[in-house]
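Have a look at target-v2.cif; it's mmCIF, C-alpha atoms:
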data_model
#
loop_
_atom_site.label_atom_id
_atom_site.label_comp_id
_atom_site.auth_asym_id
_atom_site.auth_seq_id
_atom_site.Cartn_x
_atom_site.Cartn_y
_atom_site.Cartn_z
CA PRO A 31 34.37 -83.91 -172.78
CA VAL A 32 31.33 -85.62 -174.33
CA ARG A 33 30.26 -89.17 -173.62
CA ARG A 34 27.57 -91.10 -175.43
CA LEU A 35 24.80 -92.66 -173.39
CA ALA A 36 21.72 -94.67 -174.14
CA PRO A 37 18.72 -92.46 -174.98
CA LEU A 38 17.37 -90.95 -171.79
CA SER A 39 13.94 -92.27 -170.91
CA GLY A 40 13.09 -89.39 -168.59
CA ARG A 41 9.95 -89.67 -166.56
CA VAL A 42 6.64 -90.02 -168.36
CA TYR A 43 3.18 -90.04 -166.82
CA GLY A 44 0.10 -91.97 -167.80
CA ARG A 45 -1.90 -88.75 -167.69
CA ARG A 46 -0.08 -87.62 -170.86
CA TRP A 47 -2.62 -89.59 -172.89
CA LEU A 48 -5.48 -87.70 -171.22
CA VAL A 49 -3.82 -84.39 -172.06
CA LEU A 50 -3.32 -85.55 -175.65
CA LEU A 51 -6.96 -86.70 -175.84
CA LEU A 52 -8.32 -83.36 -174.60
CA PHE A 53 -6.17 -81.37 -177.00
CA SER A 54 -7.03 -83.67 -179.92
CA LEU A 55 -10.75 -83.37 -179.18
CA LEU A 56 -10.37 -79.60 -179.13
CA GLY A 57 -8.79 -79.73 -182.58
CA PHE A 58 -11.51 -82.12 -183.78
CA ALA A 59 -14.27 -79.76 -182.60
CA GLN A 60 -12.58 -76.72 -184.16
CA GLY A 61 -12.36 -78.46 -187.55
CA LEU A 62 -15.96 -79.67 -187.26
CA VAL A 63 -17.31 -76.18 -186.52
CA TRP A 64 -15.18 -74.57 -189.24
CA ASN A 65 -16.51 -76.93 -191.94
CA SER A 66 -20.15 -76.84 -190.78
CA TRP A 67 -21.51 -74.85 -193.70
CA GLY A 68 -19.71 -76.08 -196.81
CA PRO A 69 -21.34 -79.55 -196.98
CA ILE A 70 -24.86 -78.07 -196.39
CA GLN A 71 -24.49 -74.84 -198.35
CA ASN A 72 -27.64 -75.37 -200.44
CA SER A 73 -29.75 -75.99 -197.35
CA ALA A 74 -28.18 -73.00 -195.57
CA ARG A 75 -29.02 -70.74 -198.51
CA LEU A 76 -32.67 -71.75 -198.29
CA ALA A 77 -33.00 -71.62 -194.49
CA PHE A 78 -31.02 -68.44 -193.68
CA GLY A 79 -30.92 -66.60 -196.98
CA PHE A 80 -27.16 -66.95 -197.36
CA SER A 81 -25.66 -65.76 -200.63
CA GLY A 82 -22.70 -67.32 -202.38
CA TRP A 83 -20.50 -64.62 -200.84
CA ASP A 84 -21.79 -65.54 -197.37
CA ILE A 85 -20.92 -69.21 -197.85
CA ALA A 86 -17.43 -68.33 -199.09
CA LEU A 87 -16.87 -65.94 -196.18
CA LEU A 88 -17.97 -68.54 -193.65
CA VAL A 89 -15.17 -70.76 -194.93
CA PHE A 90 -12.61 -67.95 -195.13
CA TRP A 91 -13.03 -67.00 -191.48
CA GLY A 92 -10.73 -69.96 -190.80
CA PRO A 93 -7.67 -68.56 -192.64
CA ILE A 94 -8.52 -65.05 -191.45
CA GLY A 95 -8.36 -66.35 -187.89
CA PHE A 96 -4.61 -66.87 -188.37
CA ALA A 97 -4.05 -63.09 -188.40
CA PRO A 98 -3.24 -63.00 -184.63
CA CYS A 99 -1.15 -66.19 -184.98
CA PHE A 100 1.96 -64.54 -183.53
CA PHE A 101 0.08 -63.47 -180.40
CA PHE A 102 -0.91 -67.05 -179.64
CA MET A 103 2.67 -68.16 -180.28
CA TRP A 104 3.92 -65.57 -177.79
CA LEU A 105 1.27 -66.62 -175.25
CA MET A 106 2.25 -70.28 -175.53
CA ASP A 107 5.92 -69.43 -175.13
CA LYS A 108 5.41 -67.15 -172.10
CA LYS A 109 2.37 -68.56 -170.26
CA GLY A 110 2.38 -72.22 -171.20
CA LEU A 111 -0.09 -74.59 -172.79
CA ARG A 112 -2.87 -74.43 -170.18
CA VAL A 113 -3.51 -70.70 -170.52
CA THR A 114 -3.38 -70.91 -174.31
CA VAL A 115 -5.75 -73.89 -174.48
CA LEU A 116 -8.26 -72.33 -172.08
CA LEU A 117 -8.28 -69.06 -174.03
CA THR A 118 -8.69 -70.95 -177.29
CA SER A 119 -11.50 -73.18 -176.02
CA SER A 120 -13.32 -70.21 -174.47
CA LEU A 121 -13.27 -68.45 -177.85
CA MET A 122 -14.71 -71.59 -179.42
CA VAL A 123 -17.48 -71.78 -176.80
CA LEU A 124 -18.38 -68.14 -177.36
CA GLY A 125 -18.33 -68.58 -181.12
CA ALA A 126 -20.46 -71.73 -181.08
CA GLY A 127 -22.87 -70.01 -178.69
CA LEU A 128 -23.29 -66.96 -180.94
CA ARG A 129 -24.41 -69.20 -183.78
CA CYS A 130 -27.19 -70.64 -181.60
CA ILE A 131 -28.83 -67.37 -180.46
CA PRO A 132 -32.45 -67.60 -181.70
CA VAL A 133 -32.99 -64.25 -183.43
CA SER A 134 -35.93 -63.91 -185.79
CA ASP A 135 -34.29 -61.19 -187.89
CA LEU A 136 -32.29 -63.09 -190.52
CA GLU A 137 -29.81 -60.26 -191.08
CA ILE A 138 -28.89 -60.17 -187.38
CA ARG A 139 -28.81 -63.97 -187.30
CA LYS A 140 -26.37 -64.05 -190.23
CA LYS A 141 -24.09 -61.54 -188.49
CA LEU A 142 -24.10 -63.65 -185.34
CA ILE A 143 -23.21 -66.75 -187.35
CA HIS A 144 -20.37 -64.92 -189.10
CA GLY A 145 -19.12 -63.67 -185.74
CA GLY A 146 -19.23 -67.19 -184.35
CA GLN A 147 -17.22 -68.54 -187.28
CA LEU A 148 -14.62 -65.81 -186.81
CA LEU A 149 -14.19 -66.65 -183.12
CA ASN A 150 -13.83 -70.32 -184.02
CA GLY A 151 -11.24 -69.35 -186.64
CA LEU A 152 -9.20 -67.59 -183.96
CA ALA A 153 -8.72 -71.01 -182.35
CA GLY A 154 -6.94 -72.27 -185.47
CA PRO A 155 -3.40 -71.08 -184.57
CA THR A 156 -3.42 -73.07 -181.32
CA VAL A 157 -4.92 -76.33 -182.57
CA MET A 158 -2.63 -76.30 -185.64
CA ASN A 159 0.62 -75.15 -184.04
CA ALA A 160 0.72 -76.51 -180.49
CA ALA A 161 1.02 -80.21 -181.32
CA PRO A 162 4.88 -80.37 -181.34
CA PHE A 163 5.01 -78.27 -178.17
CA LEU A 164 2.64 -80.68 -176.42
CA SER A 165 4.51 -83.78 -177.59
CA THR A 166 7.88 -82.41 -176.45
CA THR A 167 6.49 -81.33 -173.06
CA TRP A 168 4.72 -84.60 -172.20
CA PHE A 169 6.13 -87.46 -174.31
CA SER A 170 9.43 -89.32 -174.46
CA PRO A 171 11.62 -89.12 -177.60
CA ASP A 172 10.32 -92.45 -178.92
CA GLU A 173 6.69 -91.23 -178.76
CA ARG A 174 7.00 -87.62 -179.89
CA ALA A 175 6.28 -88.05 -183.60
CA THR A 176 3.22 -90.21 -182.87
CA ALA A 177 1.84 -87.68 -180.39
CA THR A 178 2.46 -84.84 -182.86
CA ALA A 179 0.60 -86.74 -185.58
CA ILE A 180 -2.43 -87.47 -183.40
CA ALA A 181 -2.68 -83.93 -182.05
CA SER A 182 -2.20 -82.21 -185.41
CA LEU A 183 -4.34 -84.49 -187.61
CA LEU A 184 -7.47 -84.67 -185.43
CA SER A 185 -8.51 -81.18 -186.56
CA TYR A 186 -8.45 -82.48 -190.15
CA LEU A 187 -10.58 -85.41 -189.05
CA GLY A 188 -13.11 -82.97 -187.55
CA SER A 189 -13.49 -81.18 -190.88
CA ALA A 190 -13.92 -84.58 -192.54
CA ALA A 191 -16.65 -85.52 -190.06
CA ALA A 192 -18.58 -82.42 -191.14
CA PHE A 193 -18.96 -84.01 -194.58
CA LEU A 194 -20.99 -86.76 -192.89
CA VAL A 195 -22.77 -84.97 -190.04
CA GLY A 196 -24.24 -82.13 -192.09
CA PRO A 197 -25.72 -84.10 -195.02
CA LEU A 198 -26.95 -86.91 -192.74
CA VAL A 199 -28.83 -84.60 -190.37
CA VAL A 200 -29.86 -81.72 -192.66
CA PRO A 201 -32.10 -82.64 -195.60
CA SER A 202 -31.30 -81.29 -199.05
CA PRO A 203 -33.71 -78.74 -200.58
CA ASN A 204 -33.58 -80.48 -203.96
CA GLY A 205 -36.87 -82.29 -203.41
CA THR A 206 -38.87 -79.22 -202.36
CA SER A 207 -42.37 -79.09 -203.77
CA HIS A 208 -43.51 -76.21 -205.97
CA LEU A 209 -46.48 -75.60 -203.65
CA LEU A 210 -45.85 -72.50 -201.54
CA LEU A 211 -47.23 -73.98 -198.31
CA VAL A 212 -45.18 -77.15 -198.60
CA SER A 213 -42.09 -75.14 -199.56
CA GLN A 214 -42.37 -72.97 -196.45
CA SER A 215 -42.89 -76.05 -194.28
CA ASN A 216 -39.84 -77.70 -195.81
CA THR A 217 -37.78 -74.54 -195.23
CA GLU A 218 -38.69 -74.48 -191.55
CA HIS A 219 -37.83 -78.16 -191.23
CA ILE A 220 -34.41 -77.60 -192.83
CA LYS A 221 -33.81 -74.63 -190.53
CA ASP A 222 -34.71 -76.71 -187.48
CA ARG A 223 -32.30 -79.46 -188.51
CA ILE A 224 -29.48 -76.96 -189.06
CA GLU A 225 -30.12 -75.47 -185.63
CA ALA A 226 -30.02 -78.97 -184.13
CA VAL A 227 -26.51 -79.38 -185.60
CA LEU A 228 -25.48 -75.98 -184.21
CA TYR A 229 -26.77 -76.86 -180.72
CA ALA A 230 -25.00 -80.24 -180.80
CA GLU A 231 -21.70 -78.61 -181.79
CA PHE A 232 -22.11 -76.02 -179.04
CA GLY A 233 -22.66 -78.80 -176.51
CA LEU A 234 -19.56 -80.66 -177.72
CA VAL A 235 -17.35 -77.56 -177.51
CA SER A 236 -18.72 -76.68 -174.05
CA LEU A 237 -18.02 -80.18 -172.78
CA ILE A 238 -14.42 -80.06 -174.00
CA PHE A 239 -13.92 -76.62 -172.45
CA SER A 240 -15.27 -77.85 -169.12
CA ALA A 241 -12.95 -80.86 -169.16
CA ALA A 242 -9.92 -78.66 -170.00
CA LEU A 243 -10.87 -76.21 -167.26
CA ALA A 244 -11.11 -79.06 -164.75
CA TYR A 245 -7.82 -80.68 -165.75
CA PHE A 246 -5.28 -79.54 -168.33
CA PRO A 247 -1.88 -78.88 -166.73
CA SER A 248 0.74 -76.83 -168.55
CA ARG A 249 3.50 -79.39 -167.99
CA PRO A 250 4.26 -82.57 -166.02
CA PRO A 251 6.00 -82.39 -162.61
CA PHE A 252 9.19 -83.77 -164.18
CA PRO A 253 10.19 -83.46 -167.86
CA PRO A 254 10.20 -86.60 -170.04
CA SER A 255 13.53 -85.81 -171.74
CA VAL A 256 16.56 -83.52 -171.70
CA ALA A 257 15.10 -81.49 -174.58
CA ALA A 258 11.89 -80.84 -172.65
CA ALA A 259 13.86 -79.49 -169.69
CA SER A 260 16.30 -77.35 -171.68
CA GLN A 261 16.19 -73.58 -171.97
CA ARG A 262 14.67 -72.18 -175.16
CA LEU A 263 15.40 -68.97 -177.05
CA SER A 264 13.41 -65.83 -176.37
CA TYR A 265 10.55 -64.73 -178.62
CA ARG A 266 12.64 -62.07 -180.39
CA ARG A 267 15.75 -64.21 -180.81
CA SER A 268 13.61 -67.05 -182.15
CA PHE A 269 12.36 -64.95 -185.05
CA CYS A 270 15.88 -63.75 -185.82
CA ARG A 271 17.08 -67.36 -185.81
CA LEU A 272 14.27 -68.54 -188.09
CA LEU A 273 14.60 -65.75 -190.64
CA SER A 274 18.37 -66.14 -190.87
CA ASN A 275 18.32 -69.94 -191.14
CA PHE A 276 18.44 -70.80 -194.86
CA ARG A 277 17.74 -74.49 -194.29
CA PHE A 278 14.61 -73.66 -192.31
CA LEU A 279 13.38 -71.32 -195.05
CA MET A 280 13.86 -74.15 -197.55
CA ILE A 281 11.68 -76.65 -195.72
CA ALA A 282 9.21 -73.92 -194.70
CA LEU A 283 8.57 -73.25 -198.40
CA ALA A 284 8.53 -77.00 -199.07
CA TYR A 285 5.65 -77.24 -196.59
CA ALA A 286 3.79 -73.98 -197.17
CA ILE A 287 3.54 -74.02 -200.98
CA PRO A 288 1.98 -77.49 -201.62
CA LEU A 289 -0.12 -77.51 -198.43
CA GLY A 290 -1.38 -73.97 -199.11
CA VAL A 291 -2.24 -74.81 -202.72
CA PHE A 292 -3.91 -78.08 -201.70
CA SER A 293 -5.99 -76.38 -198.98
CA GLY A 294 -7.26 -73.79 -201.46
CA TRP A 295 -7.90 -76.44 -204.09
CA SER A 296 -9.78 -78.77 -201.74
CA GLY A 297 -11.87 -75.85 -200.44
CA VAL A 298 -13.38 -75.39 -203.91
CA LEU A 299 -13.25 -79.05 -204.94
CA ASP A 300 -16.96 -79.15 -205.78
CA LEU A 301 -16.46 -76.16 -208.11
CA ILE A 302 -13.48 -77.82 -209.83
CA LEU A 303 -15.18 -81.20 -210.31
CA THR A 304 -18.48 -79.79 -211.60
CA PRO A 305 -17.19 -79.31 -215.21
CA VAL A 306 -16.26 -83.01 -215.32
CA HIS A 307 -19.77 -83.97 -214.19
CA VAL A 308 -19.04 -85.00 -210.59
CA SER A 309 -21.95 -84.45 -208.20
CA GLN A 310 -21.77 -82.55 -204.92
CA VAL A 311 -22.27 -85.80 -203.00
CA ASP A 312 -19.35 -87.49 -204.76
CA ALA A 313 -17.15 -84.42 -204.20
CA GLY A 314 -17.99 -84.57 -200.49
CA TRP A 315 -17.08 -88.25 -200.25
CA ILE A 316 -13.81 -87.62 -202.09
CA GLY A 317 -12.94 -84.90 -199.56
CA PHE A 318 -13.93 -87.13 -196.65
CA TRP A 319 -11.88 -90.17 -197.64
CA SER A 320 -8.82 -88.14 -198.60
CA ILE A 321 -8.74 -86.55 -195.12
CA VAL A 322 -9.44 -89.80 -193.25
CA GLY A 323 -6.81 -91.63 -195.29
CA GLY A 324 -4.31 -88.86 -194.63
CA CYS A 325 -4.94 -89.09 -190.87
CA VAL A 326 -4.47 -92.88 -190.79
CA VAL A 327 -1.34 -92.88 -192.97
CA GLY A 328 0.07 -89.86 -191.14
CA ILE A 329 -0.16 -91.54 -187.75
CA ALA A 330 1.33 -94.75 -189.19
CA MET A 331 4.24 -92.81 -190.73
CA ALA A 332 4.84 -90.96 -187.48
CA ARG A 333 4.93 -94.23 -185.56
CA PHE A 334 7.46 -95.55 -188.07
CA ALA A 335 9.55 -92.41 -187.55
CA ASP A 336 9.51 -93.04 -183.78
CA PHE A 337 10.80 -96.59 -184.23
CA ILE A 338 13.49 -95.70 -186.80
CA ARG A 339 14.87 -92.27 -186.00
CA GLY A 340 16.60 -90.00 -188.48
CA MET A 341 14.28 -90.96 -191.37
CA LEU A 342 12.10 -87.82 -191.61
CA LYS A 343 13.62 -86.60 -194.89
CA PHE A 344 13.28 -90.05 -196.47
CA ILE A 345 9.60 -90.28 -195.44
CA LEU A 346 8.89 -86.81 -196.88
CA LEU A 347 10.56 -87.76 -200.16
CA LEU A 348 8.27 -90.79 -200.46
CA LEU A 349 5.12 -88.83 -199.61
CA LEU A 350 5.89 -85.89 -201.91
CA SER A 351 6.82 -88.22 -204.78
CA GLY A 352 3.45 -89.91 -204.40
CA ALA A 353 1.68 -86.53 -204.21
CA THR A 354 3.41 -85.36 -207.41
CA LEU A 355 2.35 -88.48 -209.31
CA ALA A 356 -1.23 -88.42 -207.98
CA SER A 357 -1.73 -84.71 -208.75
CA THR A 358 -0.29 -85.15 -212.25
CA TRP A 359 -2.63 -88.09 -212.85
CA PHE A 360 -5.64 -86.04 -211.73
CA THR A 361 -4.68 -83.02 -213.85
CA LEU A 362 -4.12 -85.07 -216.99
CA THR A 363 -7.38 -86.95 -216.41
CA CYS A 364 -9.32 -83.67 -216.33
CA LEU A 365 -7.77 -82.82 -219.74
CA THR A 366 -9.35 -85.89 -221.30
CA ASN A 367 -9.95 -84.10 -224.62
CA VAL A 368 -6.18 -83.65 -224.98
CA THR A 369 -4.72 -86.70 -223.21
CA HIS A 370 -7.56 -89.16 -223.97
CA LEU A 371 -7.14 -90.70 -220.53
CA PRO A 372 -10.27 -92.44 -219.16
CA LEU A 373 -12.37 -90.02 -217.14
CA THR A 374 -14.40 -92.13 -214.72
CA THR A 375 -15.62 -91.79 -211.18
CA ALA A 376 -13.13 -94.45 -210.10
CA THR A 377 -10.11 -92.60 -211.55
CA LEU A 378 -11.19 -89.29 -210.04
CA TYR A 379 -11.82 -90.89 -206.65
CA THR A 380 -8.48 -92.70 -206.69
CA SER A 381 -6.31 -89.78 -207.80
CA CYS A 382 -7.93 -87.22 -205.46
CA ILE A 383 -7.91 -89.54 -202.44
CA LEU A 384 -4.27 -90.53 -203.02
CA LEU A 385 -3.32 -86.86 -203.32
CA GLY A 386 -5.06 -86.06 -200.03
CA ILE A 387 -3.46 -89.05 -198.30
CA PHE A 388 0.07 -88.15 -199.37
CA LEU A 389 -0.16 -84.44 -198.53
CA ASN A 390 -2.21 -84.61 -195.32
CA SER A 391 -0.01 -87.36 -193.87
CA SER A 392 3.10 -85.23 -194.46
CA VAL A 393 1.98 -82.53 -191.99
CA PRO A 394 3.23 -84.13 -188.72
CA ILE A 395 6.46 -85.29 -190.39
CA PHE A 396 7.12 -81.72 -191.52
CA PHE A 397 6.39 -80.41 -188.01
CA GLU A 398 8.90 -82.77 -186.44
CA LEU A 399 11.55 -81.87 -189.01
CA PHE A 400 10.98 -78.14 -188.40
CA VAL A 401 11.52 -78.52 -184.67
CA GLU A 402 14.61 -80.70 -185.08
CA THR A 403 16.17 -78.28 -187.56
CA VAL A 404 15.85 -75.03 -185.58
CA TYR A 405 16.06 -76.30 -181.98
CA PRO A 406 16.19 -74.57 -179.41
CA VAL A 407 13.57 -72.28 -181.00
CA PRO A 408 10.23 -73.00 -179.23
CA GLU A 409 7.99 -75.43 -181.08
CA GLY A 410 4.94 -73.15 -181.14
CA ILE A 411 6.84 -70.30 -182.77
CA THR A 412 8.39 -72.57 -185.41
CA CYS A 413 5.12 -74.20 -186.46
CA GLY A 414 3.25 -70.90 -186.21
CA VAL A 415 5.49 -69.29 -188.81
CA VAL A 416 5.09 -72.11 -191.33
CA THR A 417 1.30 -72.44 -190.93
CA PHE A 418 0.95 -68.67 -191.29
CA LEU A 419 3.01 -68.86 -194.47
CA SER A 420 0.85 -71.71 -195.75
CA ASN A 421 -2.30 -69.63 -195.23
CA VAL A 422 -0.68 -66.76 -197.14
CA PHE A 423 -0.10 -69.00 -200.17
CA MET A 424 -3.66 -70.30 -199.96
CA GLY A 425 -5.00 -66.74 -199.84
CA VAL A 426 -2.94 -65.68 -202.85
CA LEU A 427 -4.15 -68.67 -204.87
CA LEU A 428 -7.81 -68.04 -204.04
CA PHE A 429 -7.34 -64.34 -204.82
CA PHE A 430 -6.28 -65.23 -208.37
CA LEU A 431 -9.22 -67.64 -208.57
CA THR A 432 -11.65 -64.73 -208.18
CA PHE A 433 -10.32 -63.32 -211.48
CA TYR A 434 -9.79 -66.56 -213.43
CA HIS A 435 -12.75 -68.71 -212.46
CA THR A 436 -14.16 -69.68 -215.85
CA GLU A 437 -11.52 -72.30 -216.64
CA PHE A 438 -9.68 -74.42 -214.03
CA SER A 439 -6.85 -76.15 -215.88
CA TRP A 440 -4.34 -73.58 -214.59
CA PHE A 441 -5.59 -74.21 -211.04
CA ASN A 442 -5.17 -77.96 -211.43
CA TRP A 443 -1.63 -77.54 -212.79
CA CYS A 444 -0.69 -75.62 -209.64
CA LEU A 445 -0.98 -78.90 -207.72
CA PRO A 446 1.73 -80.98 -209.47
CA GLY A 447 3.87 -77.85 -209.85
CA SER A 448 3.82 -77.11 -206.13
CA CYS A 449 4.43 -80.77 -205.19
CA LEU A 450 7.37 -81.03 -207.59
CA LEU A 451 8.90 -77.80 -206.25
CA SER A 452 8.53 -79.10 -202.70
CA LEU A 453 10.14 -82.40 -203.68
CA LEU A 454 13.15 -80.59 -205.16
CA LEU A 455 13.55 -78.45 -202.03
CA ILE A 456 13.51 -81.53 -199.81
CA LEU A 457 16.08 -83.24 -202.05
CA CYS A 458 18.45 -80.28 -201.62
CA PHE A 459 17.79 -80.04 -197.88
CA ARG A 460 20.49 -81.23 -195.46
CA GLU A 461 18.69 -82.70 -192.46
CA SER A 462 19.85 -82.44 -188.87
CA TYR A 463 18.39 -83.65 -185.57
CA ASP A 464 19.53 -81.14 -182.97
CA ARG A 465 16.78 -81.93 -180.44
CA LEU A 466 17.28 -85.69 -180.73
CA TYR A 467 21.05 -85.21 -180.44
CA LEU A 468 20.55 -83.43 -177.11
CA ASP A 469 18.48 -86.35 -175.82
CA VAL A 470 21.13 -88.96 -176.62
CA VAL A 471 24.37 -87.03 -176.02
CA VAL A 472 24.96 -85.46 -172.59
CA SER A 473 27.70 -82.88 -172.00
CA VAL A 474 29.48 -83.32 -168.68
#
Take the structure I supplied and represent it as structure tokens, if you would.
Amino acid sequence: PVRRLAPLSGRVYGRRWLVLLLFSLLGFAQGLVWNSWGPIQNSARLAFGFSGWDIALLVFWGPIGFAPCFFFMWLMDKKGLRVTVLLTSSLMVLGAGLRCIPVSDLEIRKKLIHGGQLLNGLAGPTVMNAAPFLSTTWFSPDERATATAIASLLSYLGSAAAFLVGPLVVPSPNGTSHLLLVSQSNTEHIKDRIEAVLYAEFGLVSLIFSAALAYFPSRPPFPPSVAAASQRLSYRRSFCRLLSNFRFLMIALAYAIPLGVFSGWSGVLDLILTPVHVSQVDAGWIGFWSIVGGCVVGIAMARFADFIRGMLKFILLLLLSGATLASTWFTLTCLTNVTHLPLTTATLYTSCILLGIFLNSSVPIFFELFVETVYPVPEGITCGVVTFLSNVFMGVLLFFLTFYHTEFSWFNWCLPGSCLLSLLLILCFRESYDRLYLDVVVSV
């Protein structure tokens, strides 16, 4: 027999906000370190002799760091969140420390910096995938979506902060004098400022690691809900369940294709906007505001989903419809010779920022829908599979870009195409809320 009860409140602890804060700061620091070099690439070329390939590789260490994604998923499932977070933060400390070693040989220094970026990239699977696991373990059902949004979007906010920190602290080499003596002096000054940023980031990462080492429990003494206390599937059975679940594969593609394409597109945004006469500074501000707007709207949407349950599919339909319209507007604006649409800084700012807001804010909503659909598969495994798939699509897109990089209209058309495909997949998707059902219906 089954009887319906009021939603179980469980037992929640005030310390859950401290745990969420520490994890969110870890994600913020990881995003900040990952995006350290893109906004100051011209200064880094002058100070450390980086080539264009070096700058690109420093960015790509982030997606490459997802290669051992399945190991971190297994570790989270078997050992809990504390062990996984401590391992992740220790890799970040080691990576940030390698970048600060004062070696006079520039070739050795570049290798140390690349090694540091790789170690920081290895932290990506945890900070991107563990948010739903943390929210289920510590938060009640009416707070889970909000906690997932905060924990998953703070890493995006860290990469956005790099657009401000780097250019504000590190001077641009554009004003360098033609005199050799002054040029050398300016180079040393730029190098000193870059090293100051590296030392500051190392201090931030070390502080977060120390705080997590002092206090970051794996789970509360008592679970906050029935779902948090329930038994989950094993690692092997989870993969079998995911790969055989057609509905999960539908929404996994609906997430991975547009988010993978958008990540690759935003990573080379300066390159795409250069033919339409947008400066590097403007491209940086566009990237910054699109990420910040996505974080704010994402948290607001997640809070709405907590208040009115069972609306995840409806929210995704709204966000993906907006993303399709914004990306189409941007693509047609760039074809001004054909469409005769006004090409101004205001239109480019508006369309790009709206696109970033709609897509970035969909991330926590997707995560919650993944977990609800395939429960009782562990949250870390579910989100790990979809983020790994998203990085695969981003890698494929950037691979084609290396061959077709003289004209970008095809690249821009990938944006509305991927958003429209995702919208169609969500329309055909039949939603279910298995985890929420367990919290409100108790079998006797």
Q: Could you tell me which residues the PyMOL selection byres ((chain A and resi 401) around 12) grabs in this file, written as an MDAnalysis selection string?
A: chainID A and resid 159:163 165:166 174:175 178 257 262 268 272 278 281:282 342 394:400 402:416 461:466
Q) Which residue gives the smallest distance to Lys221 (chain A) among A:Leu183, A:Ile70, A:Val89, A:Cys364, with only C-alpha atoms counted? A)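 The answer is A:Ile70, which sits nearest to Lys221 (chain A).
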Q | Computed interatomic separation between CA of Arg249 (chain A) and CA of Tyr43 (chain A) (Å) | A |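 So the answer is 10.7 Å.
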Q: Tell me which residues the PyMOL selection byres ((chain A and resi 391) around 7) grabs here, as a list of chain:residue names.
A: A:Gly324, A:Cys325, A:Val327, A:Gly328, A:Ile387, A:Phe388, A:Leu389, A:Asn390, A:Ser392, A:Val393, A:Pro394
Q) Which value, in Å to one decimal, gives the distance between CA of Ser240 (chain A) and CA of Leu111 (chain A)? A)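 Between CA of Ser240 (chain A) and CA of Leu111 (chain A) the gap is 16.0 Å.
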Q: Could you give me, as a PyMOL selection string, the residues within 6 Å of region 346-355 of chain A, counting only C-alpha atoms and dropping anything in the same chain fewer than 4 positions from it?
A: chain A and resi 385+388+446+449-450+453
Q: Could you expand the PyMOL selection byres ((chain A and resi 119-130) around 8) into the explicit residues it covers here, written as a PyMOL selection string?
A: chain A and resi 56+60+63+115-118+131-132+139+142-150+152-153+225+228-229+231-232+235-236+238-239
Q | Contacts of Val49 (chain A) at 9 Å (all atoms listed in the file; same-chain gap of 6+ positions) as a ChimeraX atom specification | A | /A:164,168,242,245-247
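Using only C-alpha atoms, the shortest contact distance between Phe90 (chain A) and any of A:Asn421, A:Thr363, A:Arg267, A:Glu218 is found at A:Asn421.
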Q) Mind pulling up the distance from CA of Phe96 (chain A) to CA of Ile329 (chain A)? A) 25.1 Å
Q) Between A:Leu419, A:Asp336, A:Ser202, A:Ile316, which is the closest to Leu303 (chain A) once you count only C-alpha atoms? A)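 Of the candidates, the smallest distance to Leu303 (chain A) is held by A:Ile316.
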Q: Quick one: everything within 9 Å of Ile383 (chain A), counting all atoms listed in the file, minus sequence neighbours fewer than 5 positions away in the same chain. Send it as JSON, numbers by chain.
A: {"A": [316, 317, 318, 319, 320, 321, 323, 324, 356, 378, 388]}
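Proximity of A:Ala332, A:Ile302, A:Cys458, A:Leu428 to Asp172 (chain A), computed with only C-alpha atoms, is greatest for A:Ala332.
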Q: Considering all atoms listed in the file, state which residue in the set A:Val322, A:Ala335, A:Val291, A:Val256 is at the smallest distance from Phe430 (chain A).
A: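 The shortest atom-to-atom distance to Phe430 (chain A) comes from A:Val291.
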